[in-house]
Amino acid sequence: MYEGPIIDGHTHPMLDPAGQIVAVPHPPQAYRAIVSGSQVRRAAAITIAHQDDLARTRARNSAVLRLAEDSGGFFFPVCSVHPADGLSALREIDRVAAAGAAWLKLHPNTQHFDVAGPEVLPVVRAAAARGLPLLFDAYSPWDANQPGKFADLAAAVPEARLILAHAHGPGFPQLLVYDVLARYPGWARNVWIDISVTGPMLAGGPFAEQFAWVLRKVGIDRVVFGSDYPVDDPLAAIRGVAELGFTDAEQAAILHDNAAALLVKEGPPRPGQAEQAR
């Protein structure tokens, strides 16, 4: 197994009682206790915005920003807006970008929006203009067309950096569209694949080799690790990367290097925008 530093790009530390998503409370210190002594050096702290509750959205975004500061940079803040909040969402993107947000999180299932909805494009463009990659939940058993919608979104905003969490789940072979698109000179290769949940689920099973093959076709430089804590155990998720059959060099890219590159802001800095320590 790879023995270098690890960045966990997908965790949900519980910052208030309403943020509990499993039976047992999962505050940030619980995550840190689990990974203590491991190679994990940084971890995402994700929040998800609710529609028409701007005060709550701001409070939760401020909470992950504070957690990043209070943890000395161990956690990096993944803020959120709801696309249906329109201009208010765009103003909140301005605020969190200036305050030091690392990524932006959108969740079509939890937030109940269509990836192809007209309200999504302005949010993606605004985040891209401020150097914020967008981490999308990208597995929906209720929308068979969602993989194509993500490809369309990436093509519509080539300057955006889209991270597709969960690799389309059991529909992971549809990721091969990015191998096809990469053959065309106009394709920006602006899509990354977060293997949380799907990686550990397939590791050691009959689909492990196929999953690794598909990810190699997309490009190992576009694959990032996430544990989806507390849904999955972060240490088991790390072991799953090796169990998928990746080489040491591939594990280094997946477990650290690709996420580290996504934590670098792109574009000119905005007035008052805090730079992230990498």
# chains A, B, ... in the order shown; residues from 1 in each chain; ligands from 1
>>> select_by_dssp(residues="region 25-186 of chain A", states="alpha helix (DSSP H)", output="VMD selection string")
chain A and resid 28 to 35 54 to 70 87 to 99 108 to 111 120 to 129 146 to 156 177 to 181
>>> closest_atom_pairs(of="region 149-236 of chain A", to="region 102-107 of chain A", cutoff="12 Å", atoms="only C-alpha atoms", output="JSON lines")
{"residue": "A:Ala160", "atom": "CA", "partner": "A:Leu104", "partner_atom": "CA", "distance": 11.4}
{"residue": "A:Arg161", "atom": "CA", "partner": "A:Trp103", "partner_atom": "CA", "distance": 9.7}
{"residue": "A:Leu162", "atom": "CA", "partner": "A:Leu104", "partner_atom": "CA", "distance": 9.8}
{"residue": "A:Ile163", "atom": "CA", "partner": "A:Lys105", "partner_atom": "CA", "distance": 9.4}
{"residue": "A:Leu164", "atom": "CA", "partner": "A:Leu106", "partner_atom": "CA", "distance": 10.1}
{"residue": "A:Ala165", "atom": "CA", "partner": "A:His107", "partner_atom": "CA", "distance": 9.5}
{"residue": "A:His166", "atom": "CA", "partner": "A:His107", "partner_atom": "CA", "distance": 11.6}
>>> residues_around(residues="region 79-86 of chain A", least_positions_apart="5", cutoff="6 Å", atoms="only C-alpha atoms", output="number ranges by chain")
A: 47-49, 51, 61, 104-105, 119-120
>>> closest_residue(among="A:Phe76, A:Gln210, A:Leu202, A:Leu87", to="Arg41 (chain A)", atoms="only C-alpha atoms")
A:Phe76
>>> residues_around(residues="Leu255 (chain A)", least_positions_apart="5", cutoff="12 Å", atoms="only C-alpha atoms", output="PDB file with N, CA and C atoms, in the first residue's frame")
ATOM      1  N   MET A   1       0.831  -1.205   0.000  1.00  0.00           N
ATOM      2  CA  MET A   1       0.000   0.000   0.000  1.00  0.00           C
ATOM      3  C   MET A   1       0.863   1.252   0.000  1.00  0.00           C
ATOM      4  N   TYR A   2       0.320   2.292  -0.593  1.00  0.00           N
ATOM      5  CA  TYR A   2       0.931   3.619  -0.579  1.00  0.00           C
ATOM      6  C   TYR A   2       1.109   4.078   0.871  1.00  0.00           C
ATOM      7  N   GLU A   3       2.249   4.704   1.163  1.00  0.00           N
ATOM      8  CA  GLU A   3       2.551   5.091   2.545  1.00  0.00           C
ATOM      9  C   GLU A   3       2.738   6.595   2.722  1.00  0.00           C
ATOM     10  N   GLY A   4       2.351   7.381   1.735  1.00  0.00           N
ATOM     11  CA  GLY A   4       2.516   8.826   1.825  1.00  0.00           C
ATOM     12  C   GLY A   4       1.300   9.521   2.416  1.00  0.00           C
ATOM     13  N   PRO A   5       1.262  10.857   2.351  1.00  0.00           N
ATOM     14  CA  PRO A   5       0.140  11.625   2.915  1.00  0.00           C
ATOM     15  C   PRO A   5      -1.144  11.401   2.129  1.00  0.00           C
ATOM     16  N   ILE A   6      -2.272  11.555   2.822  1.00  0.00           N
ATOM     17  CA  ILE A   6      -3.591  11.318   2.240  1.00  0.00           C
ATOM     18  C   ILE A   6      -4.474  12.529   2.480  1.00  0.00           C
ATOM     19  N   ILE A   7      -5.255  12.888   1.461  1.00  0.00           N
ATOM     20  CA  ILE A   7      -6.300  13.894   1.582  1.00  0.00           C
ATOM     21  C   ILE A   7      -7.640  13.203   1.389  1.00  0.00           C
ATOM     22  N   ASP A   8      -8.495  13.313   2.373  1.00  0.00           N
ATOM     23  CA  ASP A   8      -9.841  12.749   2.287  1.00  0.00           C
ATOM     24  C   ASP A   8     -10.759  13.843   1.759  1.00  0.00           C
ATOM     25  N   GLY A   9     -11.202  13.702   0.531  1.00  0.00           N
ATOM     26  CA  GLY A   9     -11.958  14.753  -0.132  1.00  0.00           C
ATOM     27  C   GLY A   9     -13.463  14.690   0.062  1.00  0.00           C
ATOM     28  N   HIS A  10     -13.947  13.853   1.011  1.00  0.00           N
ATOM     29  CA  HIS A  10     -15.401  13.751   1.160  1.00  0.00           C
ATOM     30  C   HIS A  10     -15.751  13.274   2.564  1.00  0.00           C
ATOM     31  N   GLN A  39      -2.192   8.173   7.745  1.00  0.00           N
ATOM     32  CA  GLN A  39      -1.531   9.102   6.821  1.00  0.00           C
ATOM     33  C   GLN A  39      -2.424  10.277   6.420  1.00  0.00           C
ATOM     34  N   VAL A  40      -3.650  10.347   6.946  1.00  0.00           N
ATOM     35  CA  VAL A  40      -4.561  11.426   6.571  1.00  0.00           C
ATOM     36  C   VAL A  40      -4.035  12.742   7.116  1.00  0.00           C
ATOM     37  N   ARG A  41      -3.800  13.689   6.229  1.00  0.00           N
ATOM     38  CA  ARG A  41      -3.264  14.993   6.612  1.00  0.00           C
ATOM     39  C   ARG A  41      -4.287  16.115   6.486  1.00  0.00           C
ATOM     40  N   ARG A  42      -5.260  15.943   5.597  1.00  0.00           N
ATOM     41  CA  ARG A  42      -6.312  16.946   5.429  1.00  0.00           C
ATOM     42  C   ARG A  42      -7.604  16.216   5.084  1.00  0.00           C
ATOM     43  N   ALA A  43      -8.722  16.875   5.367  1.00  0.00           N
ATOM     44  CA  ALA A  43     -10.027  16.288   5.058  1.00  0.00           C
ATOM     45  C   ALA A  43     -11.024  17.390   4.755  1.00  0.00           C
ATOM     46  N   ASP A 194     -14.757  11.399  -7.854  1.00  0.00           N
ATOM     47  CA  ASP A 194     -14.612  11.086  -6.428  1.00  0.00           C
ATOM     48  C   ASP A 194     -15.148   9.663  -6.235  1.00  0.00           C
ATOM     49  N   ILE A 195     -14.299   8.759  -5.717  1.00  0.00           N
ATOM     50  CA  ILE A 195     -14.676   7.339  -5.651  1.00  0.00           C
ATOM     51  C   ILE A 195     -15.260   6.944  -4.298  1.00  0.00           C
ATOM     52  N   SER A 196     -15.691   7.913  -3.491  1.00  0.00           N
ATOM     53  CA  SER A 196     -16.288   7.567  -2.206  1.00  0.00           C
ATOM     54  C   SER A 196     -17.516   6.684  -2.410  1.00  0.00           C
ATOM     55  N   ILE A 220      -6.166   8.446 -14.420  1.00  0.00           N
ATOM     56  CA  ILE A 220      -5.924   8.407 -12.977  1.00  0.00           C
ATOM     57  C   ILE A 220      -5.677   9.802 -12.422  1.00  0.00           C
ATOM     58  N   ASP A 221      -5.214  10.727 -13.262  1.00  0.00           N
ATOM     59  CA  ASP A 221      -5.005  12.106 -12.805  1.00  0.00           C
ATOM     60  C   ASP A 221      -6.328  12.834 -12.563  1.00  0.00           C
ATOM     61  N   ARG A 222      -7.439  12.174 -12.836  1.00  0.00           N
ATOM     62  CA  ARG A 222      -8.760  12.770 -12.616  1.00  0.00           C
ATOM     63  C   ARG A 222      -9.572  11.981 -11.585  1.00  0.00           C
ATOM     64  N   VAL A 223      -8.901  11.254 -10.711  1.00  0.00           N
ATOM     65  CA  VAL A 223      -9.580  10.442  -9.693  1.00  0.00           C
ATOM     66  C   VAL A 223      -9.140  10.918  -8.319  1.00  0.00           C
ATOM     67  N   VAL A 224     -10.113  11.152  -7.424  1.00  0.00           N
ATOM     68  CA  VAL A 224      -9.798  11.606  -6.071  1.00  0.00           C
ATOM     69  C   VAL A 224     -10.453  10.696  -5.040  1.00  0.00           C
ATOM     70  N   PHE A 225      -9.796  10.584  -3.911  1.00  0.00           N
ATOM     71  CA  PHE A 225     -10.272   9.749  -2.805  1.00  0.00           C
ATOM     72  C   PHE A 225     -11.220  10.520  -1.901  1.00  0.00           C
ATOM     73  N   GLY A 226     -12.239   9.826  -1.419  1.00  0.00           N
ATOM     74  CA  GLY A 226     -13.112  10.347  -0.383  1.00  0.00           C
ATOM     75  C   GLY A 226     -13.667   9.180   0.412  1.00  0.00           C
ATOM     76  N   SER A 227     -13.903   9.400   1.686  1.00  0.00           N
ATOM     77  CA  SER A 227     -14.417   8.319   2.522  1.00  0.00           C
ATOM     78  C   SER A 227     -15.925   8.374   2.713  1.00  0.00           C
ATOM     79  N   PRO A 234     -13.312   5.745   7.234  1.00  0.00           N
ATOM     80  CA  PRO A 234     -12.237   6.284   6.393  1.00  0.00           C
ATOM     81  C   PRO A 234     -11.051   5.334   6.219  1.00  0.00           C
ATOM     82  N   LEU A 235     -10.695   4.591   7.255  1.00  0.00           N
ATOM     83  CA  LEU A 235      -9.555   3.691   7.130  1.00  0.00           C
ATOM     84  C   LEU A 235      -9.877   2.526   6.202  1.00  0.00           C
ATOM     85  N   ALA A 237     -11.992   2.734   3.752  1.00  0.00           N
ATOM     86  CA  ALA A 237     -12.036   3.323   2.413  1.00  0.00           C
ATOM     87  C   ALA A 237     -10.631   3.470   1.831  1.00  0.00           C
ATOM     88  N   ILE A 238      -9.665   3.831   2.680  1.00  0.00           N
ATOM     89  CA  ILE A 238      -8.275   3.937   2.220  1.00  0.00           C
ATOM     90  C   ILE A 238      -7.774   2.572   1.770  1.00  0.00           C
ATOM     91  N   ARG A 239      -8.027   1.540   2.567  1.00  0.00           N
ATOM     92  CA  ARG A 239      -7.600   0.190   2.181  1.00  0.00           C
ATOM     93  C   ARG A 239      -8.251  -0.236   0.868  1.00  0.00           C
ATOM     94  N   GLY A 240      -9.477   0.227   0.650  1.00  0.00           N
ATOM     95  CA  GLY A 240     -10.175  -0.142  -0.566  1.00  0.00           C
ATOM     96  C   GLY A 240      -9.482   0.326  -1.828  1.00  0.00           C
ATOM     97  N   VAL A 241      -8.753   1.430  -1.750  1.00  0.00           N
ATOM     98  CA  VAL A 241      -8.036   1.916  -2.937  1.00  0.00           C
ATOM     99  C   VAL A 241      -6.989   0.890  -3.378  1.00  0.00           C
ATOM    100  N   ALA A 242      -6.255   0.321  -2.425  1.00  0.00           N
ATOM    101  CA  ALA A 242      -5.286  -0.725  -2.760  1.00  0.00           C
ATOM    102  C   ALA A 242      -5.996  -1.984  -3.231  1.00  0.00           C
ATOM    103  N   PHE A 246      -4.896  -0.790  -7.648  1.00  0.00           N
ATOM    104  CA  PHE A 246      -4.087   0.316  -8.134  1.00  0.00           C
ATOM    105  C   PHE A 246      -2.639   0.180  -7.679  1.00  0.00           C
ATOM    106  N   THR A 247      -1.717   0.614  -8.527  1.00  0.00           N
ATOM    107  CA  THR A 247      -0.298   0.585  -8.199  1.00  0.00           C
ATOM    108  C   THR A 247       0.010   1.640  -7.145  1.00  0.00           C
ATOM    109  N   ASP A 248       1.218   1.601  -6.600  1.00  0.00           N
ATOM    110  CA  ASP A 248       1.620   2.605  -5.623  1.00  0.00           C
ATOM    111  C   ASP A 248       1.551   4.008  -6.224  1.00  0.00           C
ATOM    112  N   ALA A 249       2.011   4.156  -7.458  1.00  0.00           N
ATOM    113  CA  ALA A 249       1.981   5.475  -8.099  1.00  0.00           C
ATOM    114  C   ALA A 249       0.545   5.939  -8.317  1.00  0.00           C
ATOM    115  N   GLU A 250      -0.329   5.032  -8.717  1.00  0.00           N
ATOM    116  CA  GLU A 250      -1.732   5.388  -8.888  1.00  0.00           C
ATOM    117  C   GLU A 250      -2.375   5.754  -7.551  1.00  0.00           C
ATOM    118  N   ALA A 260      -4.837  17.527  -3.935  1.00  0.00           N
ATOM    119  CA  ALA A 260      -3.972  18.673  -3.627  1.00  0.00           C
ATOM    120  C   ALA A 260      -4.009  19.694  -4.758  1.00  0.00           C
ATOM    121  N   ALA A 261      -4.029  19.216  -6.008  1.00  0.00           N
ATOM    122  CA  ALA A 261      -4.097  20.131  -7.145  1.00  0.00           C
ATOM    123  C   ALA A 261      -5.428  20.878  -7.173  1.00  0.00           C
TER     124      ALA A 261
END
>>> atom_distance(atom1="CA of Thr198 (chain A)", atom2="CA of Leu215 (chain A)")
11.9 Å
>>> select_by_dssp(residues="region 48-229 of chain A", states="strand (DSSP E)", output="ChimeraX atom specification")
/A:75-80,103-106,134-137,162-165,191-194,223-224
>>> residues_around(residues="Trp213 (chain A)", least_positions_apart="3", cutoff="10 Å", atoms="only C-alpha atoms", output="PyMOL selection string")
chain A and resi 173+176+207-210+216-219+244-246
>>> closest_residue(among="A:Asp228, A:Asp16, A:Asp52, A:Asp114", to="Val64 (chain A)", atoms="only C-alpha atoms")
A:Asp16
>>> atom_distance(atom1="CA of Val78 (chain A)", atom2="CA of Asp232 (chain A)")
18.7 Å
>>> decode(residues="region 210-252 of chain A", atoms="N, CA and C atoms", output="PDB file, in the first residue's frame")
ATOM      1  N   GLN A 210     -13.125  -4.151 -13.216  1.00  0.00           N
ATOM      2  CA  GLN A 210     -13.796  -3.308 -14.207  1.00  0.00           C
ATOM      3  C   GLN A 210     -13.808  -1.843 -13.770  1.00  0.00           C
ATOM      4  N   PHE A 211     -14.042  -1.610 -12.484  1.00  0.00           N
ATOM      5  CA  PHE A 211     -14.071  -0.236 -11.983  1.00  0.00           C
ATOM      6  C   PHE A 211     -12.709   0.422 -12.176  1.00  0.00           C
ATOM      7  N   ALA A 212     -11.642  -0.282 -11.802  1.00  0.00           N
ATOM      8  CA  ALA A 212     -10.295   0.266 -11.976  1.00  0.00           C
ATOM      9  C   ALA A 212      -9.997   0.513 -13.454  1.00  0.00           C
ATOM     10  N   TRP A 213     -10.437  -0.383 -14.307  1.00  0.00           N
ATOM     11  CA  TRP A 213     -10.210  -0.226 -15.748  1.00  0.00           C
ATOM     12  C   TRP A 213     -10.901   1.029 -16.269  1.00  0.00           C
ATOM     13  N   VAL A 214     -12.155   1.253 -15.854  1.00  0.00           N
ATOM     14  CA  VAL A 214     -12.891   2.441 -16.290  1.00  0.00           C
ATOM     15  C   VAL A 214     -12.188   3.708 -15.809  1.00  0.00           C
ATOM     16  N   LEU A 215     -11.743   3.721 -14.551  1.00  0.00           N
ATOM     17  CA  LEU A 215     -11.072   4.905 -14.023  1.00  0.00           C
ATOM     18  C   LEU A 215      -9.761   5.177 -14.755  1.00  0.00           C
ATOM     19  N   ARG A 216      -9.066   4.131 -15.122  1.00  0.00           N
ATOM     20  CA  ARG A 216      -7.824   4.332 -15.898  1.00  0.00           C
ATOM     21  C   ARG A 216      -8.144   4.913 -17.274  1.00  0.00           C
ATOM     22  N   LYS A 217      -9.252   4.509 -17.870  1.00  0.00           N
ATOM     23  CA  LYS A 217      -9.636   5.078 -19.165  1.00  0.00           C
ATOM     24  C   LYS A 217      -9.974   6.565 -19.025  1.00  0.00           C
ATOM     25  N   VAL A 218     -10.629   6.936 -17.944  1.00  0.00           N
ATOM     26  CA  VAL A 218     -10.907   8.352 -17.695  1.00  0.00           C
ATOM     27  C   VAL A 218      -9.608   9.109 -17.477  1.00  0.00           C
ATOM     28  N   GLY A 219      -8.676   8.481 -16.738  1.00  0.00           N
ATOM     29  CA  GLY A 219      -7.378   9.075 -16.411  1.00  0.00           C
ATOM     30  C   GLY A 219      -7.182   9.109 -14.917  1.00  0.00           C
ATOM     31  N   ILE A 220      -6.166   8.446 -14.420  1.00  0.00           N
ATOM     32  CA  ILE A 220      -5.924   8.407 -12.977  1.00  0.00           C
ATOM     33  C   ILE A 220      -5.677   9.802 -12.422  1.00  0.00           C
ATOM     34  N   ASP A 221      -5.214  10.727 -13.262  1.00  0.00           N
ATOM     35  CA  ASP A 221      -5.005  12.106 -12.805  1.00  0.00           C
ATOM     36  C   ASP A 221      -6.328  12.834 -12.563  1.00  0.00           C
ATOM     37  N   ARG A 222      -7.439  12.174 -12.836  1.00  0.00           N
ATOM     38  CA  ARG A 222      -8.760  12.770 -12.616  1.00  0.00           C
ATOM     39  C   ARG A 222      -9.572  11.981 -11.585  1.00  0.00           C
ATOM     40  N   VAL A 223      -8.901  11.254 -10.711  1.00  0.00           N
ATOM     41  CA  VAL A 223      -9.580  10.442  -9.693  1.00  0.00           C
ATOM     42  C   VAL A 223      -9.140  10.918  -8.319  1.00  0.00           C
ATOM     43  N   VAL A 224     -10.113  11.152  -7.424  1.00  0.00           N
ATOM     44  CA  VAL A 224      -9.798  11.606  -6.071  1.00  0.00           C
ATOM     45  C   VAL A 224     -10.453  10.696  -5.040  1.00  0.00           C
ATOM     46  N   PHE A 225      -9.796  10.584  -3.911  1.00  0.00           N
ATOM     47  CA  PHE A 225     -10.272   9.749  -2.805  1.00  0.00           C
ATOM     48  C   PHE A 225     -11.220  10.520  -1.901  1.00  0.00           C
ATOM     49  N   GLY A 226     -12.239   9.826  -1.419  1.00  0.00           N
ATOM     50  CA  GLY A 226     -13.112  10.347  -0.383  1.00  0.00           C
ATOM     51  C   GLY A 226     -13.667   9.180   0.412  1.00  0.00           C
ATOM     52  N   SER A 227     -13.903   9.400   1.686  1.00  0.00           N
ATOM     53  CA  SER A 227     -14.417   8.319   2.522  1.00  0.00           C
ATOM     54  C   SER A 227     -15.925   8.374   2.713  1.00  0.00           C
ATOM     55  N   ASP A 228     -16.536   9.535   2.508  1.00  0.00           N
ATOM     56  CA  ASP A 228     -17.943   9.775   2.820  1.00  0.00           C
ATOM     57  C   ASP A 228     -18.259   9.500   4.292  1.00  0.00           C
ATOM     58  N   TYR A 229     -17.261   9.719   5.163  1.00  0.00           N
ATOM     59  CA  TYR A 229     -17.506   9.625   6.605  1.00  0.00           C
ATOM     60  C   TYR A 229     -18.679  10.525   6.977  1.00  0.00           C
ATOM     61  N   PRO A 230     -19.618  10.072   7.819  1.00  0.00           N
ATOM     62  CA  PRO A 230     -19.632   8.846   8.621  1.00  0.00           C
ATOM     63  C   PRO A 230     -20.338   7.666   7.964  1.00  0.00           C
ATOM     64  N   VAL A 231     -20.730   7.807   6.688  1.00  0.00           N
ATOM     65  CA  VAL A 231     -21.409   6.703   6.015  1.00  0.00           C
ATOM     66  C   VAL A 231     -20.478   5.502   5.900  1.00  0.00           C
ATOM     67  N   ASP A 232     -19.220   5.750   5.584  1.00  0.00           N
ATOM     68  CA  ASP A 232     -18.209   4.690   5.518  1.00  0.00           C
ATOM     69  C   ASP A 232     -17.057   5.024   6.461  1.00  0.00           C
ATOM     70  N   ASP A 233     -16.312   4.001   6.823  1.00  0.00           N
ATOM     71  CA  ASP A 233     -15.142   4.158   7.687  1.00  0.00           C
ATOM     72  C   ASP A 233     -13.961   4.648   6.849  1.00  0.00           C
ATOM     73  N   PRO A 234     -13.312   5.745   7.234  1.00  0.00           N
ATOM     74  CA  PRO A 234     -12.237   6.284   6.393  1.00  0.00           C
ATOM     75  C   PRO A 234     -11.051   5.334   6.219  1.00  0.00           C
ATOM     76  N   LEU A 235     -10.695   4.591   7.255  1.00  0.00           N
ATOM     77  CA  LEU A 235      -9.555   3.691   7.130  1.00  0.00           C
ATOM     78  C   LEU A 235      -9.877   2.526   6.202  1.00  0.00           C
ATOM     79  N   ALA A 236     -11.101   2.023   6.267  1.00  0.00           N
ATOM     80  CA  ALA A 236     -11.509   0.966   5.348  1.00  0.00           C
ATOM     81  C   ALA A 236     -11.544   1.489   3.912  1.00  0.00           C
ATOM     82  N   ALA A 237     -11.992   2.734   3.752  1.00  0.00           N
ATOM     83  CA  ALA A 237     -12.036   3.323   2.413  1.00  0.00           C
ATOM     84  C   ALA A 237     -10.631   3.470   1.831  1.00  0.00           C
ATOM     85  N   ILE A 238      -9.665   3.831   2.680  1.00  0.00           N
ATOM     86  CA  ILE A 238      -8.275   3.937   2.220  1.00  0.00           C
ATOM     87  C   ILE A 238      -7.774   2.572   1.770  1.00  0.00           C
ATOM     88  N   ARG A 239      -8.027   1.540   2.567  1.00  0.00           N
ATOM     89  CA  ARG A 239      -7.600   0.190   2.181  1.00  0.00           C
ATOM     90  C   ARG A 239      -8.251  -0.236   0.868  1.00  0.00           C
ATOM     91  N   GLY A 240      -9.477   0.227   0.650  1.00  0.00           N
ATOM     92  CA  GLY A 240     -10.175  -0.142  -0.566  1.00  0.00           C
ATOM     93  C   GLY A 240      -9.482   0.326  -1.828  1.00  0.00           C
ATOM     94  N   VAL A 241      -8.753   1.430  -1.750  1.00  0.00           N
ATOM     95  CA  VAL A 241      -8.036   1.916  -2.937  1.00  0.00           C
ATOM     96  C   VAL A 241      -6.989   0.890  -3.378  1.00  0.00           C
ATOM     97  N   ALA A 242      -6.255   0.321  -2.425  1.00  0.00           N
ATOM     98  CA  ALA A 242      -5.286  -0.725  -2.760  1.00  0.00           C
ATOM     99  C   ALA A 242      -5.996  -1.984  -3.231  1.00  0.00           C
ATOM    100  N   GLU A 243      -7.138  -2.297  -2.605  1.00  0.00           N
ATOM    101  CA  GLU A 243      -7.864  -3.518  -2.952  1.00  0.00           C
ATOM    102  C   GLU A 243      -8.496  -3.454  -4.341  1.00  0.00           C
ATOM    103  N   LEU A 244      -8.608  -2.262  -4.894  1.00  0.00           N
ATOM    104  CA  LEU A 244      -9.071  -2.121  -6.271  1.00  0.00           C
ATOM    105  C   LEU A 244      -7.978  -2.459  -7.279  1.00  0.00           C
ATOM    106  N   GLY A 245      -6.753  -2.669  -6.800  1.00  0.00           N
ATOM    107  CA  GLY A 245      -5.666  -3.101  -7.670  1.00  0.00           C
ATOM    108  C   GLY A 245      -4.810  -1.985  -8.222  1.00  0.00           C
ATOM    109  N   PHE A 246      -4.896  -0.790  -7.648  1.00  0.00           N
ATOM    110  CA  PHE A 246      -4.087   0.316  -8.134  1.00  0.00           C
ATOM    111  C   PHE A 246      -2.639   0.180  -7.679  1.00  0.00           C
ATOM    112  N   THR A 247      -1.717   0.614  -8.527  1.00  0.00           N
ATOM    113  CA  THR A 247      -0.298   0.585  -8.199  1.00  0.00           C
ATOM    114  C   THR A 247       0.010   1.640  -7.145  1.00  0.00           C
ATOM    115  N   ASP A 248       1.218   1.601  -6.600  1.00  0.00           N
ATOM    116  CA  ASP A 248       1.620   2.605  -5.623  1.00  0.00           C
ATOM    117  C   ASP A 248       1.551   4.008  -6.224  1.00  0.00           C
ATOM    118  N   ALA A 249       2.011   4.156  -7.458  1.00  0.00           N
ATOM    119  CA  ALA A 249       1.981   5.475  -8.099  1.00  0.00           C
ATOM    120  C   ALA A 249       0.545   5.939  -8.317  1.00  0.00           C
ATOM    121  N   GLU A 250      -0.329   5.032  -8.717  1.00  0.00           N
ATOM    122  CA  GLU A 250      -1.732   5.388  -8.888  1.00  0.00           C
ATOM    123  C   GLU A 250      -2.375   5.754  -7.551  1.00  0.00           C
ATOM    124  N   GLN A 251      -2.044   5.018  -6.512  1.00  0.00           N
ATOM    125  CA  GLN A 251      -2.576   5.337  -5.186  1.00  0.00           C
ATOM    126  C   GLN A 251      -2.118   6.719  -4.728  1.00  0.00           C
ATOM    127  N   ALA A 252      -0.864   7.072  -5.004  1.00  0.00           N
ATOM    128  CA  ALA A 252      -0.370   8.400  -4.621  1.00  0.00           C
ATOM    129  C   ALA A 252      -1.192   9.492  -5.291  1.00  0.00           C
TER     130      ALA A 252
END
